[in-house]
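Shown next: upload_4.txt, containing compact mmCIF, C-alpha atoms.
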```txt
# COMPACT_ATOMS: atom_id res chain seq x y z
CA MET A 1 17.16 4.54 -51.59
CA ARG A 2 17.33 8.12 -50.35
CA VAL A 3 20.51 9.13 -48.49
CA TYR A 4 20.16 11.75 -45.77
CA ASN A 5 23.46 13.57 -45.56
CA PHE A 6 23.16 16.19 -42.86
CA ALA A 7 20.75 18.34 -40.87
CA ILE A 8 20.46 22.12 -40.85
CA ILE A 9 18.79 23.90 -37.97
CA ASN A 10 16.69 26.79 -39.28
CA SER A 11 14.16 28.58 -37.05
CA GLY A 12 13.83 25.48 -34.91
CA ILE A 13 13.03 23.21 -37.87
CA ILE A 14 15.38 20.39 -38.80
CA LEU A 15 15.89 20.37 -42.56
CA LEU A 16 17.43 17.30 -44.11
CA HIS A 17 19.53 17.51 -47.22
CA VAL A 18 18.38 14.64 -49.44
CA GLN A 19 20.55 12.97 -52.03
CA ASN A 20 18.09 11.51 -54.51
CA PRO A 21 18.52 8.61 -56.93
CA PRO A 22 18.00 9.16 -60.66
CA GLY A 23 14.44 9.20 -62.00
CA CYS A 24 11.39 11.41 -61.78
CA ARG A 25 10.99 12.67 -58.21
CA LEU A 26 7.44 13.37 -57.07
CA VAL A 27 6.02 15.13 -54.02
CA ILE A 28 2.29 14.71 -53.43
CA LEU A 29 0.10 17.21 -51.56
CA ILE A 30 -3.13 16.00 -49.92
CA SER A 31 -5.79 17.23 -47.52
CA GLY A 32 -7.83 14.10 -46.89
CA ARG A 33 -7.96 10.37 -47.59
CA GLY A 34 -5.61 10.60 -50.55
CA SER A 35 -7.19 8.06 -52.91
CA ASN A 36 -5.48 9.68 -55.90
CA MET A 37 -2.24 9.68 -53.93
CA GLN A 38 -2.60 5.93 -53.44
CA THR A 39 -3.14 5.51 -57.17
CA ILE A 40 0.07 7.43 -57.89
CA VAL A 41 2.12 5.33 -55.47
CA GLU A 42 0.67 2.05 -56.74
CA THR A 43 1.18 3.06 -60.37
CA VAL A 44 4.85 3.84 -59.79
CA ARG A 45 5.39 0.50 -58.09
CA GLN A 46 3.24 -1.78 -60.22
CA GLN A 47 4.49 -0.39 -63.52
CA ASP A 48 8.07 -0.19 -62.25
CA LEU A 49 8.34 3.39 -63.45
CA ALA A 50 11.55 5.38 -63.35
CA ALA A 51 9.98 7.54 -60.64
CA GLN A 52 9.90 7.91 -56.90
CA VAL A 53 7.26 9.33 -54.58
CA CYS A 54 9.65 11.13 -52.27
CA ALA A 55 7.08 12.50 -49.82
CA VAL A 56 3.42 13.05 -49.07
CA ILE A 57 2.67 16.40 -47.45
CA ALA A 58 -0.67 17.45 -45.93
CA ASN A 59 -2.07 20.68 -44.57
CA LYS A 60 -4.01 18.75 -41.90
CA ALA A 61 -2.47 16.46 -39.29
CA ASP A 62 -5.53 14.19 -39.38
CA ALA A 63 -5.48 13.68 -43.16
CA ALA A 64 -6.18 9.95 -43.46
CA GLY A 65 -3.84 9.55 -46.41
CA LEU A 66 -0.82 10.23 -44.21
CA ASP A 67 -1.26 6.96 -42.32
CA TRP A 68 -1.44 4.99 -45.56
CA ALA A 69 1.69 6.71 -46.89
CA ARG A 70 3.62 5.96 -43.70
CA GLU A 71 2.59 2.31 -43.93
CA GLN A 72 4.17 2.26 -47.40
CA GLY A 73 7.43 3.62 -46.03
CA ILE A 74 7.00 7.01 -47.67
CA ALA A 75 8.22 10.14 -45.91
CA THR A 76 5.38 12.37 -44.69
CA ALA A 77 5.09 15.90 -43.36
CA VAL A 78 2.36 18.21 -42.09
CA VAL A 79 2.26 21.95 -42.68
CA PRO A 80 -0.89 23.01 -40.78
CA HIS A 81 -2.37 25.99 -42.63
CA ARG A 82 -4.24 27.23 -39.55
CA GLU A 83 -0.95 27.93 -37.77
CA TYR A 84 0.02 30.64 -40.26
CA ALA A 85 -1.26 34.21 -40.24
CA SER A 86 -1.46 34.52 -44.03
CA ARG A 87 -1.55 32.46 -47.19
CA GLU A 88 1.89 33.78 -48.04
CA ALA A 89 3.35 32.56 -44.74
CA PHE A 90 1.76 29.14 -45.18
CA ASP A 91 2.99 28.84 -48.75
CA ALA A 92 6.51 29.81 -47.67
CA ALA A 93 6.51 27.00 -45.09
CA LEU A 94 5.03 24.59 -47.62
CA THR A 95 7.71 25.53 -50.14
CA GLN A 96 10.39 24.81 -47.57
CA ALA A 97 8.91 21.39 -46.82
CA ILE A 98 8.67 20.49 -50.50
CA GLU A 99 12.12 21.65 -51.56
CA ILE A 100 13.84 19.31 -49.13
CA TYR A 101 13.05 16.60 -51.69
CA GLN A 102 14.06 18.51 -54.86
CA PRO A 103 11.06 17.20 -56.83
CA HIS A 104 10.68 17.29 -60.57
CA TYR A 105 6.90 17.58 -60.08
CA VAL A 106 4.55 18.53 -57.26
CA LEU A 107 1.23 16.72 -57.64
CA LEU A 108 -1.93 18.09 -56.02
CA ALA A 109 -4.14 15.13 -55.12
CA GLY A 110 -7.13 16.51 -53.28
CA PHE A 111 -5.15 19.38 -51.77
CA MET A 112 -7.84 21.83 -50.67
CA ARG A 113 -5.91 25.08 -50.45
CA VAL A 114 -5.76 28.00 -52.89
CA LEU A 115 -2.08 28.61 -53.56
CA THR A 116 -0.61 32.08 -53.89
CA PRO A 117 0.82 33.35 -57.19
CA GLY A 118 4.28 33.37 -55.63
CA PHE A 119 4.07 29.67 -54.79
CA VAL A 120 2.74 28.81 -58.24
CA GLU A 121 5.52 30.75 -59.94
CA ARG A 122 8.11 29.03 -57.74
CA PHE A 123 7.03 25.67 -59.15
CA ASN A 124 6.07 26.90 -62.61
CA GLY A 125 5.86 24.02 -65.06
CA ARG A 126 6.20 21.48 -62.25
CA LEU A 127 2.90 21.92 -60.38
CA ILE A 128 0.03 19.67 -61.51
CA ASN A 129 -3.56 19.50 -60.26
CA ILE A 130 -6.61 17.36 -60.86
CA HIS A 131 -9.93 19.22 -60.82
CA PRO A 132 -13.36 17.52 -60.73
CA SER A 133 -14.86 19.22 -63.78
CA LEU A 134 -14.26 19.66 -67.47
CA LEU A 135 -12.34 22.90 -67.29
CA PRO A 136 -12.91 25.67 -68.13
CA SER A 137 -16.43 24.75 -66.95
CA PHE A 138 -17.13 24.80 -63.20
CA PRO A 139 -13.94 26.10 -61.60
CA GLY A 140 -13.85 26.32 -57.83
CA LEU A 141 -15.82 24.24 -55.34
CA HIS A 142 -19.04 22.19 -55.50
CA THR A 143 -18.48 21.14 -59.10
CA HIS A 144 -20.86 18.17 -58.94
CA GLN A 145 -23.67 20.33 -57.59
CA GLN A 146 -23.00 22.88 -60.32
CA ALA A 147 -23.13 20.22 -63.02
CA LEU A 148 -26.42 18.79 -61.76
CA ALA A 149 -27.98 22.23 -61.30
CA LEU A 150 -27.29 23.13 -64.94
CA GLY A 151 -28.45 19.77 -66.25
CA VAL A 152 -25.29 18.85 -68.14
CA GLN A 153 -25.37 15.32 -69.55
CA TRP A 154 -21.63 14.71 -69.28
CA HIS A 155 -19.42 15.60 -66.34
CA GLY A 156 -15.71 15.07 -65.95
CA CYS A 157 -12.31 15.87 -64.55
CA THR A 158 -9.23 17.67 -65.80
CA MET A 159 -5.53 17.31 -65.09
CA HIS A 160 -3.66 20.52 -65.77
CA PHE A 161 -0.56 22.52 -65.01
CA VAL A 162 -1.34 25.06 -62.32
CA THR A 163 -1.16 28.79 -63.10
CA PRO A 164 -1.88 31.76 -60.83
CA VAL A 165 -5.46 31.81 -62.17
CA LEU A 166 -7.58 29.43 -60.07
CA ASP A 167 -8.40 26.13 -61.81
CA HIS A 168 -6.79 27.30 -65.01
CA GLY A 169 -3.75 26.22 -66.96
CA PRO A 170 -2.54 23.99 -69.80
CA ILE A 171 -4.65 20.83 -69.95
CA ILE A 172 -2.82 17.51 -69.79
CA ALA A 173 -5.77 15.10 -69.88
CA GLN A 174 -9.52 14.97 -69.37
CA GLY A 175 -12.06 12.27 -68.63
CA ILE A 176 -15.85 12.13 -68.71
CA VAL A 177 -18.74 10.26 -67.12
CA PRO A 178 -22.42 10.21 -68.14
CA VAL A 179 -24.83 12.00 -65.82
CA GLN A 180 -27.83 9.92 -64.76
CA ALA A 181 -31.28 11.41 -64.18
CA ASP A 182 -31.33 10.39 -60.50
CA ASP A 183 -27.73 11.30 -59.68
CA THR A 184 -26.84 13.02 -56.44
CA PRO A 185 -23.58 14.94 -56.04
CA ASP A 186 -22.20 11.97 -54.10
CA ASP A 187 -23.18 9.57 -56.89
CA LEU A 188 -21.45 11.72 -59.46
CA SER A 189 -18.37 12.15 -57.29
CA ALA A 190 -18.00 8.40 -56.75
CA ARG A 191 -18.37 7.61 -60.45
CA LEU A 192 -15.91 10.33 -61.43
CA LEU A 193 -13.31 9.12 -58.94
CA LEU A 194 -12.75 6.04 -61.12
CA VAL A 195 -11.83 8.33 -63.99
CA GLU A 196 -9.59 10.49 -61.79
CA HIS A 197 -7.59 7.41 -60.83
CA ARG A 198 -7.11 6.42 -64.47
CA LEU A 199 -6.01 9.93 -65.43
CA TYR A 200 -3.47 10.17 -62.63
CA ALA A 201 -2.07 6.70 -63.44
CA ASP A 202 -1.54 7.57 -67.09
CA VAL A 203 -0.21 11.07 -66.50
CA VAL A 204 2.30 9.88 -63.90
CA ARG A 205 3.54 7.31 -66.42
CA TRP A 206 3.89 10.02 -69.08
CA LEU A 207 5.83 12.20 -66.65
CA ALA A 208 8.14 9.37 -65.65
CA GLU A 209 8.80 8.60 -69.32
CA GLU A 210 9.54 12.29 -70.02
CA ARG A 211 6.81 12.52 -72.64
CA VAL A 212 5.15 15.74 -71.42
CA SER A 213 6.09 19.19 -72.71
CA LEU A 214 4.58 22.58 -73.50
CA ASP A 215 4.68 24.04 -77.00
CA ALA A 216 5.17 27.70 -77.93
CA MET A 217 1.45 28.33 -77.42
CA GLN A 218 1.61 26.84 -73.90
CA ARG A 219 -0.39 23.82 -74.97
CA VAL A 220 0.50 20.41 -73.61
CA GLN A 221 2.11 17.90 -75.94
CA VAL A 222 2.57 14.27 -74.93
CA ARG A 223 5.01 12.46 -77.19
CA GLY A 224 3.65 9.24 -78.65
CA ILE A 225 0.14 9.69 -77.22
CA ALA A 226 -2.55 10.45 -79.79
CA SER A 227 -5.47 10.94 -77.40
CA ARG A 228 -5.52 12.21 -73.84
CA SER A 229 -9.25 11.79 -73.26
CA PHE A 230 -10.90 9.04 -71.22
CA VAL A 231 -14.46 7.79 -70.82
CA LEU A 232 -16.20 5.76 -68.13
CA THR A 233 -17.95 2.84 -69.85
CA PRO A 234 -19.80 -0.21 -68.49
CA VAL A 235 -16.53 -2.15 -68.70
CA GLY A 236 -14.43 0.49 -66.97
CA VAL A 237 -12.44 3.59 -67.85
CA VAL A 238 -11.01 3.50 -71.36
CA SER A 239 -9.09 5.83 -73.62
CA SER A 240 -11.26 7.43 -76.29
CA GLU A 241 -9.03 5.64 -78.82
CA GLN A 242 -10.54 2.36 -77.63
CA LEU A 243 -14.15 3.38 -78.34
```

When written as structure tokens, how does the structure in this file appear?
Amino acid sequence: MRVYNFAIINSGIILLHVQNPPGCRLVILISGRGSNMQTIVETVRQQDLAAQVCAVIANKADAAGLDWAREQGIATAVVPHREYASREAFDAALTQAIEIYQPHYVLLAGFMRVLTPGFVERFNGRLINIHPSLLPSFPGLHTHQQALALGVQWHGCTMHFVTPVLDHGPIIAQGIVPVQADDTPDDLSARLLLVEHRLYADVVRWLAEERVSLDAMQRVQVRGIASRSFVLTPVGVVSSEQL
């Protein structure tokens, strides 16, 4: 249980000091329905992980995932990006909202904003994103369209630590799906979402179990995990070790 000790009035915003229980504290950032966010919450609960989703924060008040999070009893907040004159001002407000909860990790789960280098550096080593392509291929937007336009036969997603370079950073895990001849971008997106959910579930478990680290070459190491690759098969998403 979180204990709220006192309130500080700062520029008209009430900031709550939060005394957190032990375990891996997570703050999730979303922009829309938050299906990956739901996976994270359900994974923590169903696997009884030593972790807590402290808050879900969105940059849009109408982000559908906020309602679901509130129904689960999770604290929510909105930092509307359109109300700020610059990316730096928005990121400063977002930082303030996040740091109330003193998270070990900030998880981007469909958060559709490009973050400034200052924000990324503030949460260096604690900021994790999932991107719908096999990075370094297809950074940026419209990844499914890009994959289909180039005729790739496998498409995928990547979980990585965020760096100031867009859609770049040490890779934690990747998953792939086959591309069908008649696929549309929506088809590919829907199929890949199954893999995204599996990646986030496993990575959150690794984080909660303190398995994840970076070596001297800034490559991700996950203690006790031989393979961090996943494949969509007719029977579901499996680790490549199971093939």

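When the distance limit is 12 Å and all atoms listed in the file are what count, the residues near Gln218 in chain A, minus those fewer than 3 positions from it on the same chain, are A:Gly125, A:His160, A:Phe161, A:Thr163, A:Gly169, A:Pro170, A:Ile171, A:Ile172, A:Val212, A:Ser213, A:Leu214, A:Asp215, A:Gln221.
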
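Of the residues listed (A:Ala75, A:Ile28, A:Leu107, A:Leu115), A:Leu115 shows the shortest atom-to-atom separation from Asp91 in chain A; distances use only C-alpha atoms.
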
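Take CA of Phe138 in chain A and CA of Asp202 in chain A: the distance between them is 23.6 Å.
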
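Using only C-alpha atoms, the shortest contact distance between Pro136 in chain A and any of A:Val120, A:Val114, A:Cys157, A:Val27 is found at A:Cys157.
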
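CA of Arg25 in chain A is positioned 8.6 Å from CA of Ala208 in chain A.
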
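Proximity to Cys24 in chain A was assessed for A:Gln180, A:Ala69, A:Arg205, A:His144 counting only C-alpha atoms; the smallest distance is recorded for A:Arg205.
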
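Among A:Ala58, A:Leu94, A:Leu135, A:Leu199, the residue with the shortest atom-to-atom distance to Phe123 in chain A, counting all atoms listed in the file, is A:Leu94.
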
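Straight-line separation from CA of Leu194 in chain A to CA of Trp154 in chain A: 14.9 Å.
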
Since the input has fewer atoms than a full residue there, write range 162-173 of chain A out with all heavy atoms, as a PDB file, keeping the file's coordinate frame.
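New file part.pdb:
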```
ATOM      1  N   VAL A 162      -0.757  23.980 -63.113  1.00  0.00           N
ATOM      2  CA  VAL A 162      -1.340  25.060 -62.320  1.00  0.00           C
ATOM      3  C   VAL A 162      -0.731  26.391 -62.724  1.00  0.00           C
ATOM      4  O   VAL A 162       0.491  26.510 -62.907  1.00  0.00           O
ATOM      5  CB  VAL A 162      -1.113  24.805 -60.819  1.00  0.00           C
ATOM      6  CG1 VAL A 162      -1.680  25.954 -59.975  1.00  0.00           C
ATOM      7  CG2 VAL A 162      -1.759  23.480 -60.407  1.00  0.00           C
ATOM      8  N   THR A 163      -1.585  27.406 -62.867  1.00  0.00           N
ATOM      9  CA  THR A 163      -1.160  28.790 -63.100  1.00  0.00           C
ATOM     10  C   THR A 163      -1.726  29.651 -61.967  1.00  0.00           C
ATOM     11  O   THR A 163      -2.540  29.179 -61.171  1.00  0.00           O
ATOM     12  CB  THR A 163      -1.671  29.307 -64.456  1.00  0.00           C
ATOM     13  OG1 THR A 163      -3.114  29.426 -64.394  1.00  0.00           O
ATOM     14  CG2 THR A 163      -1.272  28.384 -65.593  1.00  0.00           C
ATOM     15  N   PRO A 164      -1.332  30.912 -61.890  1.00  0.00           N
ATOM     16  CA  PRO A 164      -1.880  31.760 -60.830  1.00  0.00           C
ATOM     17  C   PRO A 164      -3.392  31.963 -60.900  1.00  0.00           C
ATOM     18  O   PRO A 164      -4.009  32.350 -59.907  1.00  0.00           O
ATOM     19  CB  PRO A 164      -1.134  33.087 -61.025  1.00  0.00           C
ATOM     20  CG  PRO A 164       0.159  32.700 -61.650  1.00  0.00           C
ATOM     21  CD  PRO A 164      -0.198  31.572 -62.574  1.00  0.00           C
ATOM     22  N   VAL A 165      -4.004  31.709 -62.058  1.00  0.00           N
ATOM     23  CA  VAL A 165      -5.460  31.810 -62.170  1.00  0.00           C
ATOM     24  C   VAL A 165      -6.068  30.509 -61.653  1.00  0.00           C
ATOM     25  O   VAL A 165      -5.699  29.420 -62.097  1.00  0.00           O
ATOM     26  CB  VAL A 165      -5.890  32.047 -63.632  1.00  0.00           C
ATOM     27  CG1 VAL A 165      -7.409  32.142 -63.736  1.00  0.00           C
ATOM     28  CG2 VAL A 165      -5.242  33.316 -64.171  1.00  0.00           C
ATOM     29  N   LEU A 166      -7.009  30.607 -60.713  1.00  0.00           N
ATOM     30  CA  LEU A 166      -7.580  29.430 -60.070  1.00  0.00           C
ATOM     31  C   LEU A 166      -8.197  28.476 -61.094  1.00  0.00           C
ATOM     32  O   LEU A 166      -8.987  28.890 -61.949  1.00  0.00           O
ATOM     33  CB  LEU A 166      -8.652  29.860 -59.059  1.00  0.00           C
ATOM     34  CG  LEU A 166      -9.359  28.740 -58.294  1.00  0.00           C
ATOM     35  CD1 LEU A 166      -8.377  28.002 -57.395  1.00  0.00           C
ATOM     36  CD2 LEU A 166     -10.530  29.290 -57.493  1.00  0.00           C
ATOM     37  N   ASP A 167      -7.846  27.191 -60.959  1.00  0.00           N
ATOM     38  CA  ASP A 167      -8.400  26.130 -61.810  1.00  0.00           C
ATOM     39  C   ASP A 167      -8.276  26.487 -63.295  1.00  0.00           C
ATOM     40  O   ASP A 167      -9.216  26.395 -64.076  1.00  0.00           O
ATOM     41  CB  ASP A 167      -9.855  25.833 -61.441  1.00  0.00           C
ATOM     42  CG  ASP A 167      -9.974  25.264 -60.040  1.00  0.00           C
ATOM     43  OD1 ASP A 167      -9.036  24.588 -59.595  1.00  0.00           O
ATOM     44  OD2 ASP A 167     -11.000  25.504 -59.380  1.00  0.00           O
ATOM     45  N   HIS A 168      -7.073  26.887 -63.639  1.00  0.00           N
ATOM     46  CA  HIS A 168      -6.790  27.300 -65.010  1.00  0.00           C
ATOM     47  C   HIS A 168      -5.368  26.846 -65.310  1.00  0.00           C
ATOM     48  O   HIS A 168      -4.533  26.738 -64.427  1.00  0.00           O
ATOM     49  CB  HIS A 168      -6.889  28.826 -65.129  1.00  0.00           C
ATOM     50  CG  HIS A 168      -6.600  29.339 -66.495  1.00  0.00           C
ATOM     51  ND1 HIS A 168      -7.529  29.351 -67.497  1.00  0.00           N
ATOM     52  CD2 HIS A 168      -5.457  29.862 -67.028  1.00  0.00           C
ATOM     53  CE1 HIS A 168      -6.999  29.869 -68.589  1.00  0.00           C
ATOM     54  NE2 HIS A 168      -5.741  30.186 -68.335  1.00  0.00           N
ATOM     55  N   GLY A 169      -5.102  26.568 -66.562  1.00  0.00           N
ATOM     56  CA  GLY A 169      -3.750  26.220 -66.960  1.00  0.00           C
ATOM     57  C   GLY A 169      -3.758  25.169 -68.045  1.00  0.00           C
ATOM     58  O   GLY A 169      -4.798  24.562 -68.347  1.00  0.00           O
ATOM     59  N   PRO A 170      -2.617  24.931 -68.683  1.00  0.00           N
ATOM     60  CA  PRO A 170      -2.540  23.990 -69.800  1.00  0.00           C
ATOM     61  C   PRO A 170      -3.064  22.609 -69.418  1.00  0.00           C
ATOM     62  O   PRO A 170      -2.655  22.033 -68.409  1.00  0.00           O
ATOM     63  CB  PRO A 170      -1.039  23.951 -70.116  1.00  0.00           C
ATOM     64  CG  PRO A 170      -0.519  25.275 -69.648  1.00  0.00           C
ATOM     65  CD  PRO A 170      -1.316  25.596 -68.427  1.00  0.00           C
ATOM     66  N   ILE A 171      -3.966  22.092 -70.249  1.00  0.00           N
ATOM     67  CA  ILE A 171      -4.650  20.830 -69.950  1.00  0.00           C
ATOM     68  C   ILE A 171      -3.806  19.649 -70.410  1.00  0.00           C
ATOM     69  O   ILE A 171      -3.381  19.588 -71.565  1.00  0.00           O
ATOM     70  CB  ILE A 171      -6.039  20.805 -70.615  1.00  0.00           C
ATOM     71  CG1 ILE A 171      -6.951  21.839 -69.938  1.00  0.00           C
ATOM     72  CG2 ILE A 171      -6.657  19.411 -70.539  1.00  0.00           C
ATOM     73  CD1 ILE A 171      -8.272  22.040 -70.648  1.00  0.00           C
ATOM     74  N   ILE A 172      -3.585  18.707 -69.480  1.00  0.00           N
ATOM     75  CA  ILE A 172      -2.820  17.510 -69.790  1.00  0.00           C
ATOM     76  C   ILE A 172      -3.733  16.380 -70.254  1.00  0.00           C
ATOM     77  O   ILE A 172      -3.451  15.689 -71.230  1.00  0.00           O
ATOM     78  CB  ILE A 172      -2.007  17.051 -68.560  1.00  0.00           C
ATOM     79  CG1 ILE A 172      -1.100  18.184 -68.066  1.00  0.00           C
ATOM     80  CG2 ILE A 172      -1.180  15.805 -68.893  1.00  0.00           C
ATOM     81  CD1 ILE A 172      -0.446  17.901 -66.730  1.00  0.00           C
ATOM     82  N   ALA A 173      -4.836  16.176 -69.536  1.00  0.00           N
ATOM     83  CA  ALA A 173      -5.770  15.100 -69.880  1.00  0.00           C
ATOM     84  C   ALA A 173      -7.121  15.403 -69.280  1.00  0.00           C
ATOM     85  O   ALA A 173      -7.221  16.140 -68.287  1.00  0.00           O
ATOM     86  CB  ALA A 173      -5.250  13.756 -69.379  1.00  0.00           C
TER      87      ALA A 173
END
```
